[in-house]
Amino acid sequence: MDEVVGTRLVEAIAAQDASAIAGCFAPDAELRALTPRGLRERSGADHVAELVAGWFGDATELDLLASAVDRVEDRLHVAYRFHAVEDGVPYLVE
């Protein structure tokens with residue numbers, strides 16, 4: 001995944017477009033994400049995309065506040081900050 005694909009991923013998340021999210025991952029993609037509930041790991045484009053899309057699937061509002069895409073050795077670091085609303089309750093997600 002290069003920086004352009006990382007940017008497309010953030011844009012797909014902001015648009016809550018599950019198929020665009022899936023299109024950002026290679027068939028053999030591996031994801032490791034540290035979330036408030038702990039480490040999440042998925043393998044394969046469909047499983048990775050399902051997890052990522054699910055994080056934002058219930059948001060009725062999702063506004064991108066900031067993002068960064070950087071290469072760290074042979075990995076791509078994708079960071080974002082969204083203001084979201086779910087069930088009428090606003091929250092911040094990074």
# chains A, B, ... in the order shown; residues from 1 in each chain; ligands from 1

$ closest_atom_pairs --of "segment 59-80 of chain A" --to "segment 24-37 of chain A" --cutoff "12 Å" --atoms "only C-alpha atoms" --output "JSON lines"
{"residue": "A:Arg75", "atom": "CA", "partner": "A:Leu31", "partner_atom": "CA", "distance": 10.6}
{"residue": "A:Leu76", "atom": "CA", "partner": "A:Leu31", "partner_atom": "CA", "distance": 10.6}
{"residue": "A:His77", "atom": "CA", "partner": "A:Ala33", "partner_atom": "CA", "distance": 10.4}
{"residue": "A:Val78", "atom": "CA", "partner": "A:Ala33", "partner_atom": "CA", "distance": 10.3}
{"residue": "A:Ala79", "atom": "CA", "partner": "A:Ala33", "partner_atom": "CA", "distance": 10.8}

$ select_by_dssp --residues "chain A" --states "strand (DSSP E or B)" --output "mmCIF file with C-alpha atoms, in the first residue's frame"
data_model
loop_
_atom_site.group_PDB
_atom_site.id
_atom_site.type_symbol
_atom_site.label_atom_id
_atom_site.label_comp_id
_atom_site.auth_asym_id
_atom_site.auth_seq_id
_atom_site.Cartn_x
_atom_site.Cartn_y
_atom_site.Cartn_z
ATOM 1 C CA GLU A 30 -2.877 -7.914 6.795
ATOM 2 C CA LEU A 31 -4.132 -5.368 9.313
ATOM 3 C CA ARG A 32 -3.013 -4.785 12.872
ATOM 4 C CA ALA A 33 -4.897 -2.061 14.706
ATOM 5 C CA LEU A 34 -4.781 -1.041 18.332
ATOM 6 C CA THR A 35 -8.275 -0.016 19.438
ATOM 7 C CA GLY A 38 -7.461 -4.117 22.248
ATOM 8 C CA LEU A 39 -5.471 -5.386 19.300
ATOM 9 C CA ARG A 40 -7.465 -6.258 16.169
ATOM 10 C CA GLU A 41 -5.884 -8.385 13.481
ATOM 11 C CA ARG A 42 -7.368 -9.462 10.164
ATOM 12 C CA SER A 43 -6.002 -11.125 7.046
ATOM 13 C CA GLU A 61 -22.425 11.768 10.761
ATOM 14 C CA LEU A 62 -18.743 11.324 10.016
ATOM 15 C CA ASP A 63 -16.595 14.395 9.451
ATOM 16 C CA LEU A 64 -12.876 14.121 8.749
ATOM 17 C CA LEU A 65 -10.937 16.561 10.945
ATOM 18 C CA ALA A 66 -7.374 15.467 10.166
ATOM 19 C CA SER A 67 -5.412 12.653 8.575
ATOM 20 C CA ALA A 68 -1.836 11.624 7.873
ATOM 21 C CA VAL A 69 -0.330 8.910 5.731
ATOM 22 C CA ASP A 70 3.346 8.082 6.210
ATOM 23 C CA ARG A 71 5.697 5.268 5.363
ATOM 24 C CA VAL A 72 7.417 3.634 8.342
ATOM 25 C CA ARG A 75 4.798 -0.381 6.397
ATOM 26 C CA LEU A 76 2.236 2.309 5.832
ATOM 27 C CA HIS A 77 0.952 4.241 8.838
ATOM 28 C CA VAL A 78 -2.524 5.685 8.280
ATOM 29 C CA ALA A 79 -3.895 8.012 10.950
ATOM 30 C CA TYR A 80 -7.160 9.921 11.034
ATOM 31 C CA ARG A 81 -9.381 11.919 13.344
ATOM 32 C CA PHE A 82 -13.132 11.988 12.754
ATOM 33 C CA HIS A 83 -15.956 13.747 14.525
ATOM 34 C CA ALA A 84 -18.836 11.278 14.458
ATOM 35 C CA VAL A 85 -22.391 10.966 15.703
ATOM 36 C CA GLU A 86 -23.998 7.657 16.583
ATOM 37 C CA VAL A 89 -24.291 11.064 20.624
ATOM 38 C CA PRO A 90 -21.226 12.887 19.269
ATOM 39 C CA TYR A 91 -17.769 11.399 19.727
ATOM 40 C CA LEU A 92 -14.218 11.685 18.436
ATOM 41 C CA VAL A 93 -12.415 8.749 16.849
#

$ atom_distance --atom1 "atom CA of Phe56 of chain A" --atom2 "atom CA of Arg8 of chain A"
16.0 Å

$ select_by_dssp --residues "chain A" --states "alpha helix (DSSP H)" --output "list of chain:residue names"
A:Glu3, A:Val4, A:Val5, A:Gly6, A:Thr7, A:Arg8, A:Leu9, A:Val10, A:Glu11, A:Ala12, A:Ile13, A:Ala14, A:Ala18, A:Ser19, A:Ala20, A:Ile21, A:Ala22, A:Ala45, A:Asp46, A:His47, A:Val48, A:Ala49, A:Glu50, A:Leu51, A:Val52, A:Ala53, A:Gly54, A:Trp55, A:Phe56

$ closest_residue --among "A:Gly44, A:Asp58, A:Val52, A:Asp2" --to "Ser19 of chain A" --atoms "only C-alpha atoms"
A:Val52

$ atom_distance --atom1 "atom CA of Ala22 of chain A" --atom2 "atom CA of Val10 of chain A"
11.9 Å

$ decode --residues "segment 16-41 of chain A" --atoms "N, CA and C atoms" --output "short mmCIF file (atom, residue, chain, number, x, y, z; two decimals), in the first residue's frame"
data_model
loop_
_atom_site.label_atom_id
_atom_site.label_comp_id
_atom_site.auth_asym_id
_atom_site.auth_seq_id
_atom_site.Cartn_x
_atom_site.Cartn_y
_atom_site.Cartn_z
N GLN A 16 -17.94 6.52 4.07
CA GLN A 16 -18.62 5.31 4.56
C GLN A 16 -18.97 4.40 3.39
N ASP A 17 -18.00 4.22 2.50
CA ASP A 17 -18.16 3.43 1.28
C ASP A 17 -17.40 2.11 1.44
N ALA A 18 -18.12 1.07 1.86
CA ALA A 18 -17.50 -0.22 2.16
C ALA A 18 -16.78 -0.81 0.96
N SER A 19 -17.33 -0.68 -0.24
CA SER A 19 -16.67 -1.26 -1.39
C SER A 19 -15.41 -0.48 -1.75
N ALA A 20 -15.40 0.84 -1.56
CA ALA A 20 -14.19 1.63 -1.79
C ALA A 20 -13.12 1.28 -0.75
N ILE A 21 -13.54 1.01 0.47
CA ILE A 21 -12.59 0.59 1.51
C ILE A 21 -11.95 -0.72 1.08
N ALA A 22 -12.75 -1.68 0.65
CA ALA A 22 -12.23 -2.98 0.23
C ALA A 22 -11.26 -2.82 -0.95
N GLY A 23 -11.54 -1.88 -1.84
CA GLY A 23 -10.68 -1.66 -2.99
C GLY A 23 -9.31 -1.11 -2.66
N CYS A 24 -9.10 -0.72 -1.43
CA CYS A 24 -7.80 -0.19 -1.00
C CYS A 24 -6.85 -1.29 -0.54
N PHE A 25 -7.33 -2.51 -0.44
CA PHE A 25 -6.51 -3.59 0.10
C PHE A 25 -6.23 -4.67 -0.93
N ALA A 26 -5.01 -5.18 -0.92
CA ALA A 26 -4.62 -6.31 -1.76
C ALA A 26 -5.27 -7.58 -1.20
N PRO A 27 -5.44 -8.59 -2.03
CA PRO A 27 -6.07 -9.84 -1.56
C PRO A 27 -5.38 -10.44 -0.34
N ASP A 28 -4.06 -10.27 -0.21
CA ASP A 28 -3.33 -10.85 0.92
C ASP A 28 -3.03 -9.83 2.02
N ALA A 29 -3.83 -8.78 2.10
CA ALA A 29 -3.62 -7.72 3.09
C ALA A 29 -3.65 -8.26 4.51
N GLU A 30 -2.86 -7.62 5.36
CA GLU A 30 -2.88 -7.91 6.80
C GLU A 30 -3.01 -6.60 7.54
N LEU A 31 -3.90 -6.57 8.52
CA LEU A 31 -4.13 -5.37 9.31
C LEU A 31 -3.91 -5.66 10.78
N ARG A 32 -3.17 -4.75 11.42
CA ARG A 32 -3.01 -4.79 12.87
C ARG A 32 -3.40 -3.40 13.36
N ALA A 33 -4.41 -3.35 14.22
CA ALA A 33 -4.90 -2.06 14.71
C ALA A 33 -5.09 -2.14 16.21
N LEU A 34 -4.59 -1.13 16.89
CA LEU A 34 -4.78 -1.04 18.33
C LEU A 34 -6.00 -0.16 18.58
N THR A 35 -7.03 -0.73 19.16
CA THR A 35 -8.28 -0.02 19.44
C THR A 35 -8.50 0.02 20.95
N PRO A 36 -9.47 0.82 21.41
CA PRO A 36 -9.74 0.85 22.85
C PRO A 36 -10.08 -0.53 23.42
N ARG A 37 -10.59 -1.43 22.59
CA ARG A 37 -10.91 -2.78 23.06
C ARG A 37 -9.76 -3.76 22.86
N GLY A 38 -8.62 -3.26 22.40
CA GLY A 38 -7.46 -4.12 22.25
C GLY A 38 -7.02 -4.27 20.81
N LEU A 39 -6.05 -5.15 20.61
CA LEU A 39 -5.47 -5.39 19.30
C LEU A 39 -6.48 -6.10 18.41
N ARG A 40 -6.61 -5.63 17.18
CA ARG A 40 -7.47 -6.26 16.17
C ARG A 40 -6.56 -6.66 15.02
N GLU A 41 -6.67 -7.90 14.60
CA GLU A 41 -5.88 -8.38 13.48
C GLU A 41 -6.80 -9.09 12.50
#
